[in-house]
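Structure below is model_24.txt: compact mmCIF, C-alpha atoms and all ligand atoms.
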# COMPACT_ATOMS: atom_id res chain seq x y z
CA MET A 1 45.16 10.55 -23.54
CA ASN A 2 45.83 10.53 -27.34
CA ARG A 3 44.19 8.13 -29.72
CA ARG A 4 47.19 5.84 -29.90
CA GLU A 5 47.48 5.53 -26.14
CA PHE A 6 43.75 5.02 -25.92
CA LEU A 7 43.84 2.18 -28.44
CA LYS A 8 46.79 0.58 -26.68
CA LYS A 9 45.07 0.79 -23.36
CA ALA A 10 41.84 -0.48 -24.84
CA LEU A 11 43.62 -3.46 -26.41
CA LEU A 12 45.43 -4.27 -23.18
CA THR A 13 42.31 -4.14 -21.11
CA GLY A 14 40.24 -5.84 -23.75
CA GLY A 15 38.22 -2.67 -24.16
CA VAL A 16 38.16 -2.82 -27.96
CA VAL A 17 37.20 -6.47 -27.98
CA GLY A 18 34.68 -5.64 -25.32
CA ALA A 19 33.34 -2.83 -27.42
CA THR A 20 32.82 -5.07 -30.43
CA THR A 21 31.16 -7.82 -28.51
CA SER A 22 29.09 -5.34 -26.57
CA LEU A 23 27.62 -4.23 -29.89
CA THR A 24 26.24 -7.68 -30.41
CA ALA A 25 25.86 -8.85 -26.81
CA PRO A 26 22.99 -6.50 -25.89
CA ALA A 27 21.20 -7.55 -29.07
CA VAL A 28 21.38 -11.19 -28.01
CA HIS A 29 20.40 -10.14 -24.51
CA ALA A 30 17.55 -8.02 -25.81
CA ARG A 31 16.02 -11.04 -27.46
CA LYS A 32 15.62 -12.73 -24.12
CA ARG A 33 12.00 -12.24 -23.31
CA TYR A 34 10.38 -12.41 -19.96
CA ARG A 35 6.78 -13.48 -19.58
CA TRP A 36 5.77 -12.98 -15.99
CA ARG A 37 2.56 -13.27 -14.03
CA MET A 38 1.29 -10.98 -11.28
CA VAL A 39 -1.39 -12.06 -8.86
CA THR A 40 -3.27 -9.45 -6.85
CA THR A 41 -5.35 -9.25 -3.71
CA TRP A 42 -8.05 -7.35 -5.67
CA PRO A 43 -11.01 -8.65 -7.62
CA PRO A 44 -10.30 -8.85 -11.39
CA HIS A 45 -10.06 -5.42 -13.09
CA PHE A 46 -10.71 -3.66 -9.80
CA PRO A 47 -10.84 0.16 -10.18
CA VAL A 48 -7.75 2.12 -9.08
CA LEU A 49 -6.10 -0.64 -6.99
CA GLY A 50 -6.26 -3.34 -9.68
CA GLU A 51 -5.90 -0.72 -12.38
CA GLY A 52 -2.67 0.34 -10.67
CA ALA A 53 -1.35 -3.22 -10.93
CA GLU A 54 -2.32 -3.28 -14.62
CA MET A 55 -0.71 0.11 -15.16
CA LEU A 56 2.54 -1.13 -13.63
CA ALA A 57 2.51 -4.10 -16.01
CA ARG A 58 1.78 -1.87 -19.01
CA LEU A 59 4.58 0.55 -18.09
CA VAL A 60 7.09 -2.29 -17.79
CA GLU A 61 6.09 -3.59 -21.20
CA GLU A 62 6.34 -0.10 -22.76
CA MET A 63 9.67 0.79 -21.18
CA SER A 64 11.20 -2.58 -22.01
CA GLU A 65 9.85 -2.40 -25.57
CA GLY A 66 8.06 -5.67 -25.07
CA ARG A 67 11.00 -7.62 -23.63
CA MET A 68 9.07 -8.03 -20.44
CA ARG A 69 5.38 -8.71 -20.36
CA ILE A 70 3.45 -9.16 -17.15
CA ARG A 71 0.01 -10.69 -17.14
CA VAL A 72 -2.12 -9.48 -14.22
CA TYR A 73 -4.58 -11.78 -12.47
CA GLY A 74 -7.34 -10.73 -10.11
CA GLY A 75 -7.67 -12.40 -6.73
CA GLY A 76 -9.07 -15.89 -7.12
CA GLU A 77 -8.15 -16.22 -10.80
CA LEU A 78 -4.91 -18.07 -10.10
CA VAL A 79 -4.77 -18.12 -6.31
CA PRO A 80 -7.15 -16.77 -3.62
CA PRO A 81 -6.46 -13.06 -2.90
CA LEU A 82 -4.90 -13.58 0.52
CA GLU A 83 -2.61 -16.34 -0.76
CA ALA A 84 -0.78 -14.01 -3.13
CA PHE A 85 2.14 -13.63 -0.70
CA ASP A 86 2.78 -17.39 -0.52
CA ALA A 87 2.36 -17.86 -4.25
CA VAL A 88 5.08 -15.30 -5.03
CA SER A 89 7.27 -16.36 -2.14
CA GLN A 90 7.25 -19.96 -3.40
CA GLY A 91 7.81 -18.88 -7.00
CA ILE A 92 4.48 -20.19 -8.31
CA VAL A 93 4.15 -16.73 -9.86
CA GLU A 94 6.76 -13.98 -10.12
CA MET A 95 4.91 -10.96 -8.72
CA GLY A 96 2.03 -9.83 -6.57
CA HIS A 97 0.17 -6.60 -5.77
CA GLY A 98 -1.48 -6.00 -2.42
CA ALA A 99 -0.96 -4.37 0.95
CA ALA A 100 1.77 -5.39 3.41
CA TYR A 101 -0.51 -5.49 6.45
CA TYR A 102 -2.41 -8.41 4.93
CA TRP A 103 0.68 -10.47 5.78
CA ALA A 104 0.81 -9.71 9.51
CA GLY A 105 0.40 -13.46 10.12
CA LYS A 106 3.71 -14.07 8.30
CA SER A 107 5.57 -11.31 10.13
CA PRO A 108 3.97 -8.68 12.38
CA ALA A 109 6.51 -6.11 11.14
CA THR A 110 4.84 -6.04 7.71
CA GLN A 111 2.05 -3.86 9.16
CA PHE A 112 4.28 -0.83 9.57
CA PHE A 113 4.82 -0.62 5.82
CA THR A 114 1.16 -0.12 4.94
CA SER A 115 -0.13 2.20 7.62
CA ILE A 116 -0.56 2.17 11.37
CA PRO A 117 -3.16 3.95 13.50
CA PHE A 118 -2.16 7.58 14.07
CA GLY A 119 0.88 6.95 11.85
CA MET A 120 2.17 9.01 8.94
CA ASN A 121 0.32 10.34 5.89
CA ALA A 122 1.13 9.47 2.25
CA GLN A 123 3.76 12.17 1.79
CA GLN A 124 5.46 11.25 5.06
CA MET A 125 5.34 7.52 4.31
CA ASN A 126 6.99 8.14 0.94
CA ALA A 127 9.66 10.23 2.66
CA TRP A 128 10.35 7.45 5.19
CA LEU A 129 10.32 4.69 2.57
CA TYR A 130 12.29 6.33 -0.23
CA ALA A 131 14.55 8.76 1.58
CA GLY A 132 14.64 7.36 5.12
CA GLU A 133 15.24 3.81 6.33
CA GLY A 134 11.75 2.53 5.49
CA LEU A 135 12.30 0.66 2.24
CA ARG A 136 15.56 -0.91 3.42
CA LEU A 137 13.83 -2.25 6.51
CA TRP A 138 10.90 -3.47 4.42
CA GLU A 139 13.33 -5.35 2.16
CA GLU A 140 14.88 -6.88 5.24
CA VAL A 141 11.49 -8.03 6.53
CA TYR A 142 10.56 -9.61 3.16
CA ALA A 143 13.98 -11.19 2.39
CA PRO A 144 13.42 -14.35 4.51
CA PHE A 145 10.29 -14.93 2.43
CA ASN A 146 12.32 -14.68 -0.78
CA LEU A 147 10.50 -11.46 -1.70
CA VAL A 148 11.45 -7.95 -2.78
CA PRO A 149 8.85 -5.27 -1.90
CA MET A 150 8.27 -1.86 -3.50
CA PRO A 151 5.72 0.85 -2.79
CA ALA A 152 3.23 0.85 -5.69
CA GLY A 153 0.29 3.00 -4.66
CA ASN A 154 -1.14 4.98 -1.80
CA THR A 155 -4.70 5.70 -0.75
CA GLY A 156 -4.08 8.97 1.08
CA VAL A 157 -5.95 9.54 4.36
CA GLN A 158 -8.78 7.03 4.50
CA MET A 159 -12.29 7.31 5.89
CA GLY A 160 -13.19 5.83 9.27
CA GLY A 161 -15.73 3.41 7.86
CA TRP A 162 -19.35 2.44 7.35
CA PHE A 163 -21.66 1.74 10.27
CA ASN A 164 -25.33 1.01 10.72
CA LYS A 165 -25.50 2.68 14.09
CA GLU A 166 -24.10 5.88 15.51
CA ILE A 167 -20.83 5.75 17.39
CA ASN A 168 -21.37 8.14 20.29
CA SER A 169 -18.98 6.66 22.77
CA ILE A 170 -16.30 3.98 22.88
CA GLU A 171 -18.94 1.70 24.46
CA ASP A 172 -20.64 1.56 21.05
CA ILE A 173 -17.67 -0.44 19.69
CA LYS A 174 -18.42 -3.27 22.14
CA GLY A 175 -19.69 -6.35 20.32
CA LEU A 176 -19.26 -4.69 16.93
CA LYS A 177 -18.05 -7.02 14.18
CA MET A 178 -16.02 -4.87 11.85
CA ARG A 179 -13.94 -5.60 8.78
CA ILE A 180 -10.72 -3.74 9.55
CA PRO A 181 -7.21 -5.06 8.84
CA GLY A 182 -3.85 -4.30 10.42
CA LEU A 183 -3.26 -2.75 13.82
CA GLY A 184 -6.52 -0.80 13.49
CA GLY A 185 -8.28 -4.15 13.79
CA LYS A 186 -6.43 -4.88 17.03
CA VAL A 187 -7.58 -1.53 18.38
CA ILE A 188 -11.21 -2.41 17.61
CA SER A 189 -10.73 -5.75 19.40
CA ARG A 190 -9.21 -3.98 22.39
CA ALA A 191 -12.24 -1.70 22.50
CA GLY A 192 -14.43 -4.80 22.81
CA GLY A 193 -15.31 -5.28 19.15
CA ALA A 194 -14.37 -8.13 16.82
CA ALA A 195 -12.03 -7.32 13.94
CA VAL A 196 -12.35 -9.33 10.75
CA LEU A 197 -9.90 -9.40 7.86
CA SER A 198 -11.51 -10.12 4.53
CA ALA A 199 -10.39 -9.40 0.99
CA GLY A 200 -12.06 -6.53 -0.85
CA GLY A 201 -14.27 -8.75 -2.97
CA GLU A 202 -16.07 -10.28 0.03
CA ILE A 203 -16.90 -7.21 2.09
CA TYR A 204 -20.15 -6.14 0.47
CA THR A 205 -21.82 -9.53 0.79
CA ASN A 206 -20.58 -9.94 4.37
CA LEU A 207 -22.01 -6.58 5.37
CA GLU A 208 -25.25 -7.19 3.53
CA ARG A 209 -25.74 -10.59 5.18
CA GLY A 210 -24.82 -9.35 8.63
CA VAL A 211 -21.65 -11.45 8.86
CA ILE A 212 -20.11 -8.10 9.82
CA ASP A 213 -21.83 -4.99 11.26
CA ALA A 214 -19.40 -2.41 9.95
CA THR A 215 -16.50 -2.04 7.56
CA GLU A 216 -13.78 0.33 6.68
CA TRP A 217 -12.46 0.37 3.15
CA VAL A 218 -10.62 3.27 1.50
CA GLY A 219 -12.21 6.65 0.86
CA PRO A 220 -15.26 8.21 -0.82
CA TYR A 221 -14.31 7.46 -4.42
CA HIS A 222 -13.54 3.80 -3.96
CA ASP A 223 -16.18 3.21 -1.30
CA TYR A 224 -18.75 4.64 -3.71
CA LEU A 225 -17.66 2.16 -6.38
CA MET A 226 -18.01 -0.62 -3.79
CA GLY A 227 -21.63 0.44 -3.21
CA PHE A 228 -21.48 0.45 0.60
CA TYR A 229 -23.94 3.36 0.71
CA ARG A 230 -26.68 0.91 -0.25
CA ILE A 231 -26.22 -1.19 2.89
CA ALA A 232 -24.79 1.15 5.53
CA ARG A 233 -26.11 4.44 6.74
CA TYR A 234 -23.36 6.24 8.61
CA TYR A 235 -20.03 7.18 7.08
CA TYR A 236 -17.46 8.15 9.71
CA TYR A 237 -14.25 10.16 9.50
CA PRO A 238 -11.34 10.57 9.96
CA GLY A 239 -9.50 7.36 9.04
CA TRP A 240 -7.47 7.34 12.25
CA HIS A 241 -6.45 3.74 11.54
CA GLU A 242 -5.04 4.32 8.02
CA PRO A 243 -3.74 7.84 7.47
CA GLY A 244 -1.84 6.98 4.26
CA SER A 245 -1.89 3.34 3.28
CA VAL A 246 0.88 2.14 1.01
CA LEU A 247 0.01 -0.44 -1.63
CA GLU A 248 2.83 -2.72 -2.63
CA VAL A 249 4.23 -4.80 -5.43
CA PHE A 250 6.20 -7.81 -4.22
CA ILE A 251 8.48 -9.83 -6.42
CA ASN A 252 10.06 -13.24 -6.08
CA LYS A 253 13.57 -12.29 -4.97
CA LYS A 254 15.45 -14.98 -6.90
CA ARG A 255 13.62 -14.13 -10.11
CA PHE A 256 14.10 -10.39 -9.60
CA GLU A 257 17.81 -10.72 -8.94
CA ALA A 258 18.20 -12.88 -12.04
CA LEU A 259 16.82 -10.07 -14.25
CA PRO A 260 19.18 -7.82 -16.21
CA GLU A 261 19.77 -4.55 -14.35
CA ASP A 262 17.85 -2.43 -16.81
CA LEU A 263 14.70 -4.51 -16.32
CA GLN A 264 15.09 -4.27 -12.55
CA SER A 265 15.34 -0.53 -12.92
CA ILE A 266 12.32 -0.45 -15.23
CA ILE A 267 10.21 -2.29 -12.66
CA ARG A 268 11.30 0.11 -9.91
CA THR A 269 10.47 3.09 -12.11
CA ALA A 270 7.07 1.65 -13.02
CA ALA A 271 6.33 1.12 -9.31
CA TYR A 272 7.23 4.76 -8.54
CA ARG A 273 4.91 5.99 -11.27
CA THR A 274 2.09 3.73 -10.12
CA ASN A 275 2.56 4.97 -6.56
CA ILE A 276 2.07 8.61 -7.55
CA TRP A 277 -0.72 7.86 -10.02
CA MET A 278 -2.80 5.98 -7.50
CA LEU A 279 -2.57 8.67 -4.82
CA SER A 280 -3.39 11.35 -7.40
CA GLU A 281 -6.37 9.37 -8.63
CA PHE A 282 -7.84 9.07 -5.13
CA GLU A 283 -7.06 12.64 -4.08
CA SER A 284 -8.51 14.17 -7.24
CA LYS A 285 -11.81 12.29 -7.03
CA ASN A 286 -12.57 11.84 -3.33
CA TYR A 287 -14.42 15.07 -2.76
CA ALA A 288 -16.73 14.76 -5.78
CA TYR A 289 -17.75 11.29 -4.58
CA LEU A 290 -18.17 12.36 -0.97
CA LYS A 291 -20.59 15.00 -2.25
CA LYS A 292 -22.43 12.40 -4.32
CA LEU A 293 -22.72 10.06 -1.32
CA VAL A 294 -24.12 12.76 0.92
CA GLU A 295 -26.34 14.60 -1.57
CA GLU A 296 -27.59 11.85 -3.86
CA HIS A 297 -27.53 8.87 -1.54
CA LYS A 298 -28.31 10.60 1.74
CA VAL A 299 -25.39 9.02 3.54
CA ARG A 300 -24.94 10.49 7.03
CA LEU A 301 -21.42 11.88 7.20
CA LYS A 302 -20.18 11.96 10.79
CA ARG A 303 -16.98 12.69 12.64
CA PHE A 304 -15.97 10.29 15.42
CA PRO A 305 -16.44 12.08 18.76
CA ASP A 306 -13.20 13.36 20.30
CA ASP A 307 -13.33 10.99 23.26
CA VAL A 308 -13.75 8.01 20.90
CA LEU A 309 -10.69 9.16 18.93
CA ARG A 310 -8.79 9.65 22.18
CA ALA A 311 -9.67 6.09 23.22
CA PHE A 312 -8.60 4.74 19.80
CA LYS A 313 -5.31 6.57 20.23
CA ARG A 314 -4.71 5.16 23.70
CA TYR A 315 -5.53 1.62 22.53
CA SER A 316 -3.29 2.11 19.48
CA GLU A 317 -0.32 2.88 21.70
CA GLU A 318 -1.02 -0.23 23.78
CA VAL A 319 -1.45 -2.39 20.69
CA ILE A 320 1.86 -1.18 19.23
CA GLU A 321 3.64 -1.74 22.57
CA ASP A 322 2.29 -5.28 22.51
CA VAL A 323 3.52 -6.00 18.98
CA ILE A 324 7.01 -4.62 19.55
CA ALA A 325 7.37 -6.41 22.89
CA LYS A 326 6.80 -9.76 21.18
CA ASP A 327 8.70 -9.30 17.93
CA ARG A 328 12.24 -7.96 17.60
CA MET A 329 11.93 -7.00 13.94
CA SER A 330 8.74 -5.03 14.68
CA LYS A 331 10.63 -3.21 17.41
CA ARG A 332 13.42 -2.22 15.03
CA VAL A 333 11.01 -1.12 12.33
CA TYR A 334 8.83 0.81 14.75
CA GLU A 335 11.82 2.57 16.30
CA SER A 336 12.78 3.89 12.87
CA PHE A 337 9.15 4.75 12.10
CA ARG A 338 8.68 6.57 15.41
CA ARG A 339 11.88 8.60 15.09
CA PHE A 340 11.00 9.61 11.56
CA LYS A 341 7.43 10.48 12.50
CA ARG A 342 8.55 12.55 15.48
CA ASP A 343 10.87 14.72 13.38
CA ILE A 344 8.66 15.04 10.33
CA SER A 345 5.72 16.01 12.57
CA LYS A 346 7.78 18.82 14.06
CA TRP A 347 8.58 19.98 10.57
CA ALA A 348 4.91 19.64 9.56
CA ARG A 349 3.95 21.98 12.37
CA VAL A 350 5.80 24.84 10.70
CA SER A 351 5.10 23.68 7.13
CA GLU A 352 1.95 21.64 6.32
CA VAL A 353 -0.08 22.42 9.43
CA ALA A 354 0.80 26.12 9.40
CA TYR A 355 0.01 26.30 5.72
CA TYR A 356 -3.31 24.41 5.99
CA GLU A 357 -4.44 26.91 8.60
CA LEU A 358 -3.54 29.71 6.26
CA MET A 359 -5.05 28.06 3.18
CA MET A 360 -8.39 27.19 4.79
CA CA A 401 -8.67 0.54 4.63
Step by step, read the file and then write its structure as structure tokens.
Amino acid sequence: MNRREFLKKALLTGGVVGATTSLTAPAVHARKRYRWRMVTTWPPHFPVLGEGAEMLARLVEEMSEGRMRIRVYGGGELVPPLEAFDAVSQGIVEMGHGAAYYWAGKSPATQFFTSIPFGMNAQQMNAWLYAGEGLRLWEEVYAPFNLVPMPAGNTGVQMGGWFNKEINSIEDIKGLKMRIPGLGGKVISRAGGAAVLSAGGEIYTNLERGVIDATEWVGPYHDYLMGFYRIARYYYYPGWHEPGSVLEVFINKKRFEALPEDLQSIIRTAAYRTNIWMLSEFESKNYAYLKKLVEEHKVRLKRFPDDVLRAFKRYSEEVIEDVIAKDRMSKRVYESFRRFKRDISKWARVSEVAYYELMM
């Protein structure tokens, strides 16, 4: 196309006019500033998890050159930690940061997007969410609540938890009051214990006062910061109940859809970066803190006996069967999860597992 034809075409289609106005339009657009608020399920300025939420906000501000600023609030500063979902859903605030399994009471299907017992690890969860059907299904589950979810952090494989007695057989779970969210909590209940869901900021006091007998939290680095070694003696592994927990950012859907596309993209990019940063932060520090716990604080590091793990696995299957029998959305989500896990596990056998054996 020569210049003349180009100009003619441009004039006919309004391209030239469009070009002129587009020179000024973005400038007008750019002046529109967004001042948003993000509530979290974490105590104010909480290491790693809360820091991740703050990092996401900072990245959005940087990438948008200040057009969008997000003020982050700790749990309880604007709304109680476990009311973050409702606050964002109702548009009281625009965003929240937490973990999807906290919202099992809203929809049981939410639990599959954090982590399920004997589920997938961080790398596999990311693969399912970003490159499989995971994120699309998650969006579908959150849409009726007027929310848009995004992965925004991962803990990696967690630890099994803190106990004040040894767990030598599944009988030792009977009567045990343990803070453990999600489907893992249902497994503990099925084994005769009592599962409690409490926000991070309340666990220490509850354990200290005997409101609970045991708790799981994240892994050595974060558990060290929480100080559980001062009030519990035994530290069990592996974290069968949370092999790669996804943290989330959830956004009021109407407000998100009303944003210009570049800001939507900036938020998605910031969430990706936060996701990788958080996992890296945990993975890089966990061993140093495990060593500290064992050597300096004389914590007794113990592996759950095989028959206890086998029982947890059997109960997990029953618990999942129960959830999907009662809730159609959970069934759909779990079917996708299970298919993905089956295939990626077969691949892991000749990749990750084979390599770990070689590397160790
Ligand atoms: Ca946990």
Within-6 Å residues of ligand CA 401 (chain A), basis all atoms listed in the file, as a count of residues only: 3
Atom CA of A:Gly175 to atom CA of A:Gly192, distance in Å rounded to a single decimal: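 Atom CA of A:Gly175 sits 6.0 Å away from atom CA of A:Gly192.
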Per residue of stretch 131-172 of chain A within 12 Å of stretch 300-311 of chain A, note the shortest atom pair and the distance in Å to one decimal, counting all atoms listed in the file, and order the rows by chain and increasing residue number, as a Markdown table.
| residue | atom | partner | partner_atom | distance |
| --- | --- | --- | --- | --- |
| A:Met159 | CA | A:Arg303 | CA | 9.8 |
| A:Gly160 | CA | A:Phe304 | CA | 8.1 |
| A:Gly161 | CA | A:Lys302 | CA | 10.1 |
| A:Trp162 | CA | A:Leu301 | CA | 9.7 |
| A:Phe163 | CA | A:Arg300 | CA | 9.9 |
| A:Asn164 | CA | A:Arg300 | CA | 10.2 |
| A:Lys165 | CA | A:Arg300 | CA | 10.5 |
| A:Glu166 | CA | A:Lys302 | CA | 8.6 |
| A:Ile167 | CA | A:Phe304 | CA | 6.9 |
| A:Asn168 | CA | A:Pro305 | CA | 6.5 |
| A:Ser169 | CA | A:Val308 | CA | 5.7 |
| A:Ile170 | CA | A:Val308 | CA | 5.2 |
| A:Glu171 | CA | A:Val308 | CA | 8.9 |
| A:Asp172 | CA | A:Val308 | CA | 9.4 |
Could you produce a table of the residues of stretch 86-129 of chain A lying within 12 Å of stretch 55-66 of chain A, with the nearest pair of atoms per residue and their separation in Å rounded to one decimal, using all atoms listed in the file, ordered by chain and increasing residue number, as JSON lines?
{"residue": "A:Met95", "atom": "CA", "partner": "A:Ala57", "partner_atom": "CA", "distance": 10.3}
{"residue": "A:Gly96", "atom": "CA", "partner": "A:Ala57", "partner_atom": "CA", "distance": 11.1}
{"residue": "A:His97", "atom": "CA", "partner": "A:Leu56", "partner_atom": "CA", "distance": 9.9}
Atomic distance atom CA of A:Gly119 - atom CA of A:Ile188, expressed in Å with one decimal: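 These two atoms are separated by 16.3 Å.
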A:Tyr315 environment, 9 Å, only C-alpha atoms, sequence neighbours closer than 5 positions dropped, as a list in words: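 So, after excluding close chain neighbours, the residues are Lys186, Val187, Ile188, Arg190, Ala191, Arg310 and Ile320 of chain A.
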Could you give me, as an mmCIF file with C-alpha atoms, in the frame of the given file, the residues that sit within 12 Å of (-1.9, 8.2, -7.8) in the file's coordinates, counting all atoms listed in the file?
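Output below, filename out_38.cif:
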data_model
loop_
_atom_site.group_PDB
_atom_site.id
_atom_site.type_symbol
_atom_site.label_atom_id
_atom_site.label_comp_id
_atom_site.auth_asym_id
_atom_site.auth_seq_id
_atom_site.Cartn_x
_atom_site.Cartn_y
_atom_site.Cartn_z
ATOM 1 C CA VAL A 48 -7.750 2.120 -9.080
ATOM 2 C CA LEU A 49 -6.100 -0.640 -6.990
ATOM 3 C CA GLU A 51 -5.900 -0.720 -12.380
ATOM 4 C CA GLY A 52 -2.670 0.340 -10.670
ATOM 5 C CA ALA A 53 -1.350 -3.220 -10.930
ATOM 6 C CA MET A 55 -0.710 0.110 -15.160
ATOM 7 C CA LEU A 56 2.540 -1.130 -13.630
ATOM 8 C CA ALA A 122 1.130 9.470 2.250
ATOM 9 C CA GLN A 123 3.760 12.170 1.790
ATOM 10 C CA PRO A 151 5.720 0.850 -2.790
ATOM 11 C CA ALA A 152 3.230 0.850 -5.690
ATOM 12 C CA GLY A 153 0.290 3.000 -4.660
ATOM 13 C CA ASN A 154 -1.140 4.980 -1.800
ATOM 14 C CA THR A 155 -4.700 5.700 -0.750
ATOM 15 C CA GLY A 156 -4.080 8.970 1.080
ATOM 16 C CA VAL A 246 0.880 2.140 1.010
ATOM 17 C CA LEU A 247 0.010 -0.440 -1.630
ATOM 18 C CA ALA A 271 6.330 1.120 -9.310
ATOM 19 C CA TYR A 272 7.230 4.760 -8.540
ATOM 20 C CA ARG A 273 4.910 5.990 -11.270
ATOM 21 C CA THR A 274 2.090 3.730 -10.120
ATOM 22 C CA ASN A 275 2.560 4.970 -6.560
ATOM 23 C CA ILE A 276 2.070 8.610 -7.550
ATOM 24 C CA TRP A 277 -0.720 7.860 -10.020
ATOM 25 C CA MET A 278 -2.800 5.980 -7.500
ATOM 26 C CA LEU A 279 -2.570 8.670 -4.820
ATOM 27 C CA SER A 280 -3.390 11.350 -7.400
ATOM 28 C CA GLU A 281 -6.370 9.370 -8.630
ATOM 29 C CA PHE A 282 -7.840 9.070 -5.130
ATOM 30 C CA GLU A 283 -7.060 12.640 -4.080
ATOM 31 C CA SER A 284 -8.510 14.170 -7.240
ATOM 32 C CA LYS A 285 -11.810 12.290 -7.030
#
Atom pair atom CA of A:Trp36 / atom CA of A:Glu248: separation (Å):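 Those two atoms sit 17.1 Å apart.
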Shell around A:Ser345 at 12 Å using all atoms listed in the file, local window under 6 positions removed, as a PyMOL selection string: chain A and resi 118-121+123-125+337-339+351-354
Exercise: stretch 69-73 of chain A partners within 7 Å, only C-alpha atoms, chain neighbours under 3 positions left out, as number ranges by chain: A: 34-40, 44, 54, 57, 61, 66, 77-78
Where does stretch 173-230 of chain A meet stretch 293-297 of chain A within 10 Å, residue by residue, with the nearest atom pair and distance in Å to one decimal for each, counting only C-alpha atoms, listed by chain and rising number, as a tab-separated table?
residue	atom	partner	partner_atom	distance
A:Pro220	CA	A:Leu293	CA	7.7
A:Tyr221	CA	A:Leu293	CA	9.3
A:Asp223	CA	A:Leu293	CA	9.5
A:Tyr224	CA	A:Leu293	CA	7.1
A:Gly227	CA	A:Leu293	CA	9.9
A:Phe228	CA	A:Leu293	CA	9.9
A:Tyr229	CA	A:His297	CA	7.0
A:Arg230	CA	A:His297	CA	8.1
Long-range neighbours of A:Asn252 as a PyMOL selection string, 12 Å cut-off, all atoms listed in the file, 3 positions minimum in chain: chain A and resi 36-39+84-97+139+142-150+249+255-259
Write out as AutoDock Vina command-line options an axis-aligned box for stretch 186-190 of chain A: all of its atoms listed in the file, 8 Å added on each side, centre and edge lengths in Å with one decimal.
--center_x -8.8 --center_y -3.6 --center_z 19.7 --size_x 20.8 --size_y 20.2 --size_z 21.4
Close residues, A:Val196 itself excluded, 8 Å, all atoms listed in the file, min 5 positions apart in chain, as a list in words: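 Contacts, with the query itself left out: Lys177, Met178, Arg179, Ile180, Pro181, Gly185 and Ile212 of chain A.
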